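Below is one structure, written out as structure tokens; the observations come after it.
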Amino acid sequence: MNTSTSTGVTVRVPAKVNVQLAVGAARPDGFHDLANVFLAVSLFDEVTATPADSLTVSCTGPDADQVPLDRTNLAAKAAEILAARHGISPSVHLHIAKNIPVAGGMAGGSADGAAALLACDALWGLDTPRAELLDICAELGSDVPFSLVGGAALGTGRGELLTPVEAGAFHWVFAVADGGLSTPAVFREFDRLAETEGREIPEPQASPELLAALASGDPDALAGVLANDLQPAALSLRPSLAATLDAGVEAGALAALVSGSGPTTAFLVRDPESALKVAAALEASGTCRTTRVASAPAPGAVVLA
């Protein structure tokens, strides 16, 4: 029997950018070992869990029509797994207020999974230990544990094994592209390009220079060491992203890279004023659909009072 409160529980959860994404060769299970330096940014989704007769999902916000509302949604999966572990029915309505770009390489779906997990745990009064919540997050997907934790962290394994790292304050602009990119498709293209070029793929390692720059809070230092091994694959599948990257740099961004598997592109800038200038130039360039300005690091999933 669910011991839920009569009112809803809302959880706010951040998007992420990968300031380093080092990708190893494909493993026998189809995943890739990663050295993934996550940084949570101040673009947030909110997931509200309320008691219901059965598990249902709704969504509002930009590109909400692209969000699945069935059991394939990671928020729904989170509720199902949590309920199963506690021997209760997943009788809950999950409403996603979407603000993170959809299918944009910023872990929006993963964020919703982490938020739903925390919201249902609070709604049902379960007090699940943090370690078990992180275990469920890893079962849901490689990026989900970081969505719960936030801040800055190094993700190893397939990205789910997290070690917190230090991070100063940074400012970002994100350019949202038309349409999404499938993360599995980008990884397949990464494998294809390596095979075509006859490249040996080294073991992924976090860059000491990048970790030091991240801790320093110096945007010039960080700009020189940003790296994403998936960027060539994303550009191969979506060549138009190169024009977006160029437009941001021409507008004054210190550095530009594809965010995760894309197609959102990320621009590191010096300060909030520079962010507004770069965002305006990107929108005027016609190379993206819209832009978003954010700061980092941001906190992980949190229950709102």
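Labels used: A, B, ... for chains in the order of the structure tokens, numbers from 1 for residues in each chain, and numbers from 1 for ligands as shown.
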
Within 9 Å of range 159-183 of chain A, which residues of range 43-142 of chain A show up? Give each one with its shortest atom-to-atom distance in Å (one decimal) and the two atoms involved, counting only C-alpha atoms, rows by chain then rising residue number, as JSON lines.
{"residue": "A:Pro101", "atom": "CA", "partner": "A:Val176", "partner_atom": "CA", "distance": 6.9}
{"residue": "A:Val102", "atom": "CA", "partner": "A:Gly180", "partner_atom": "CA", "distance": 7.0}
{"residue": "A:Ala103", "atom": "CA", "partner": "A:Gly180", "partner_atom": "CA", "distance": 4.8}
{"residue": "A:Gly104", "atom": "CA", "partner": "A:Gly180", "partner_atom": "CA", "distance": 5.8}
{"residue": "A:Gly105", "atom": "CA", "partner": "A:Thr183", "partner_atom": "CA", "distance": 7.6}
{"residue": "A:Leu134", "atom": "CA", "partner": "A:Glu160", "partner_atom": "CA", "distance": 8.8}
{"residue": "A:Cys137", "atom": "CA", "partner": "A:Glu160", "partner_atom": "CA", "distance": 8.3}
{"residue": "A:Ala138", "atom": "CA", "partner": "A:Glu160", "partner_atom": "CA", "distance": 5.7}
{"residue": "A:Gly141", "atom": "CA", "partner": "A:Glu160", "partner_atom": "CA", "distance": 7.7}
{"residue": "A:Ser142", "atom": "CA", "partner": "A:Glu160", "partner_atom": "CA", "distance": 4.9}

Item to check | All alpha helix (DSSP H) residues (DSSP, backbone) inside range 124-185 of chain A, as a ChimeraX atom specification | outcome: /A:130-140,144-149,183-185

Can you spit out the residues from that selection as a PDB file, in the first residue's frame, using N, CA, C and O atoms?
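again_1.pdb written:
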ATOM      1  N   ARG A 130      20.509   7.034   0.050  1.00  0.00           N
ATOM      2  CA  ARG A 130      21.092   7.718  -1.107  1.00  0.00           C
ATOM      3  C   ARG A 130      21.826   6.737  -2.020  1.00  0.00           C
ATOM      4  O   ARG A 130      21.731   6.823  -3.244  1.00  0.00           O
ATOM      5  N   ALA A 131      22.559   5.795  -1.415  1.00  0.00           N
ATOM      6  CA  ALA A 131      23.313   4.825  -2.223  1.00  0.00           C
ATOM      7  C   ALA A 131      22.375   3.997  -3.088  1.00  0.00           C
ATOM      8  O   ALA A 131      22.697   3.676  -4.239  1.00  0.00           O
ATOM      9  N   GLU A 132      21.194   3.647  -2.568  1.00  0.00           N
ATOM     10  CA  GLU A 132      20.243   2.862  -3.353  1.00  0.00           C
ATOM     11  C   GLU A 132      19.626   3.722  -4.463  1.00  0.00           C
ATOM     12  O   GLU A 132      19.401   3.231  -5.578  1.00  0.00           O
ATOM     13  N   LEU A 133      19.358   4.995  -4.173  1.00  0.00           N
ATOM     14  CA  LEU A 133      18.858   5.888  -5.221  1.00  0.00           C
ATOM     15  C   LEU A 133      19.861   5.995  -6.367  1.00  0.00           C
ATOM     16  O   LEU A 133      19.488   5.958  -7.541  1.00  0.00           O
ATOM     17  N   LEU A 134      21.152   6.111  -6.029  1.00  0.00           N
ATOM     18  CA  LEU A 134      22.175   6.190  -7.074  1.00  0.00           C
ATOM     19  C   LEU A 134      22.270   4.890  -7.857  1.00  0.00           C
ATOM     20  O   LEU A 134      22.523   4.900  -9.069  1.00  0.00           O
ATOM     21  N   ASP A 135      22.036   3.762  -7.176  1.00  0.00           N
ATOM     22  CA  ASP A 135      22.036   2.467  -7.849  1.00  0.00           C
ATOM     23  C   ASP A 135      20.888   2.388  -8.867  1.00  0.00           C
ATOM     24  O   ASP A 135      21.062   1.911  -9.995  1.00  0.00           O
ATOM     25  N   ILE A 136      19.717   2.880  -8.470  1.00  0.00           N
ATOM     26  CA  ILE A 136      18.577   2.913  -9.391  1.00  0.00           C
ATOM     27  C   ILE A 136      18.884   3.860 -10.555  1.00  0.00           C
ATOM     28  O   ILE A 136      18.580   3.557 -11.720  1.00  0.00           O
ATOM     29  N   CYS A 137      19.495   5.003 -10.255  1.00  0.00           N
ATOM     30  CA  CYS A 137      19.871   5.946 -11.315  1.00  0.00           C
ATOM     31  C   CYS A 137      20.761   5.267 -12.349  1.00  0.00           C
ATOM     32  O   CYS A 137      20.559   5.426 -13.562  1.00  0.00           O
ATOM     33  N   ALA A 138      21.751   4.502 -11.888  1.00  0.00           N
ATOM     34  CA  ALA A 138      22.665   3.826 -12.814  1.00  0.00           C
ATOM     35  C   ALA A 138      21.922   2.799 -13.653  1.00  0.00           C
ATOM     36  O   ALA A 138      22.262   2.594 -14.831  1.00  0.00           O
ATOM     37  N   GLU A 139      20.910   2.159 -13.067  1.00  0.00           N
ATOM     38  CA  GLU A 139      20.088   1.204 -13.816  1.00  0.00           C
ATOM     39  C   GLU A 139      19.293   1.924 -14.908  1.00  0.00           C
ATOM     40  O   GLU A 139      19.079   1.384 -15.997  1.00  0.00           O
ATOM     41  N   LEU A 140      18.890   3.162 -14.630  1.00  0.00           N
ATOM     42  CA  LEU A 140      18.102   3.930 -15.588  1.00  0.00           C
ATOM     43  C   LEU A 140      18.927   4.414 -16.773  1.00  0.00           C
ATOM     44  O   LEU A 140      18.430   4.465 -17.900  1.00  0.00           O
ATOM     45  N   VAL A 144      22.151   9.481 -15.530  1.00  0.00           N
ATOM     46  CA  VAL A 144      21.142   9.744 -14.499  1.00  0.00           C
ATOM     47  C   VAL A 144      21.763   9.977 -13.122  1.00  0.00           C
ATOM     48  O   VAL A 144      21.326  10.878 -12.391  1.00  0.00           O
ATOM     49  N   PRO A 145      22.794   9.202 -12.717  1.00  0.00           N
ATOM     50  CA  PRO A 145      23.372   9.479 -11.401  1.00  0.00           C
ATOM     51  C   PRO A 145      23.865  10.915 -11.254  1.00  0.00           C
ATOM     52  O   PRO A 145      23.665  11.545 -10.214  1.00  0.00           O
ATOM     53  N   PHE A 146      24.516  11.458 -12.309  1.00  0.00           N
ATOM     54  CA  PHE A 146      25.003  12.835 -12.191  1.00  0.00           C
ATOM     55  C   PHE A 146      23.851  13.819 -12.056  1.00  0.00           C
ATOM     56  O   PHE A 146      23.970  14.830 -11.353  1.00  0.00           O
ATOM     57  N   SER A 147      22.732  13.555 -12.715  1.00  0.00           N
ATOM     58  CA  SER A 147      21.584  14.460 -12.584  1.00  0.00           C
ATOM     59  C   SER A 147      21.124  14.551 -11.130  1.00  0.00           C
ATOM     60  O   SER A 147      20.688  15.606 -10.672  1.00  0.00           O
ATOM     61  N   LEU A 148      21.222  13.453 -10.409  1.00  0.00           N
ATOM     62  CA  LEU A 148      20.855  13.450  -8.989  1.00  0.00           C
ATOM     63  C   LEU A 148      21.873  14.246  -8.175  1.00  0.00           C
ATOM     64  O   LEU A 148      21.509  15.015  -7.285  1.00  0.00           O
ATOM     65  N   VAL A 149      23.157  14.091  -8.501  1.00  0.00           N
ATOM     66  CA  VAL A 149      24.235  14.652  -7.684  1.00  0.00           C
ATOM     67  C   VAL A 149      24.498  16.123  -8.011  1.00  0.00           C
ATOM     68  O   VAL A 149      24.684  16.955  -7.120  1.00  0.00           O
ATOM     69  N   THR A 183      21.697   9.578 -29.238  1.00  0.00           N
ATOM     70  CA  THR A 183      22.980   9.271 -28.601  1.00  0.00           C
ATOM     71  C   THR A 183      23.563   7.951 -29.106  1.00  0.00           C
ATOM     72  O   THR A 183      24.755   7.895 -29.458  1.00  0.00           O
ATOM     73  N   PRO A 184      22.783   6.845 -29.186  1.00  0.00           N
ATOM     74  CA  PRO A 184      23.353   5.605 -29.733  1.00  0.00           C
ATOM     75  C   PRO A 184      23.882   5.778 -31.158  1.00  0.00           C
ATOM     76  O   PRO A 184      24.918   5.201 -31.513  1.00  0.00           O
ATOM     77  N   ALA A 185      23.190   6.578 -31.967  1.00  0.00           N
ATOM     78  CA  ALA A 185      23.647   6.794 -33.341  1.00  0.00           C
ATOM     79  C   ALA A 185      24.985   7.525 -33.363  1.00  0.00           C
ATOM     80  O   ALA A 185      25.857   7.224 -34.202  1.00  0.00           O
TER      81      ALA A 185
END

Item to check | Nearby residues (only C-alpha atoms) at most 12 Å from Arg199 in chain A, same-chain spacing under 5 positions excluded, as an MDAnalysis selection string | outcome: chainID A and resid 24:25 190:194

Item to check | Atomic distance CA of Ala294 in chain A - CA of Val41 in chain A, expressed in Å with one decimal | outcome: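 Going from CA of Ala294 in chain A over to CA of Val41 in chain A, I get 6.0 Å.
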
Checklist entry - Could you name the residues that touch range 232-238 of chain A at 8 Å or less, counting only C-alpha atoms, but leaving out those on the same chain fewer than 3 positions away, as a list in words? => result Leu181, Val186, Phe187, Glu189, Phe190, Leu193, Asp229, Leu241, Ala242, Val258, Ser261, Gly262 and Pro263 of chain A
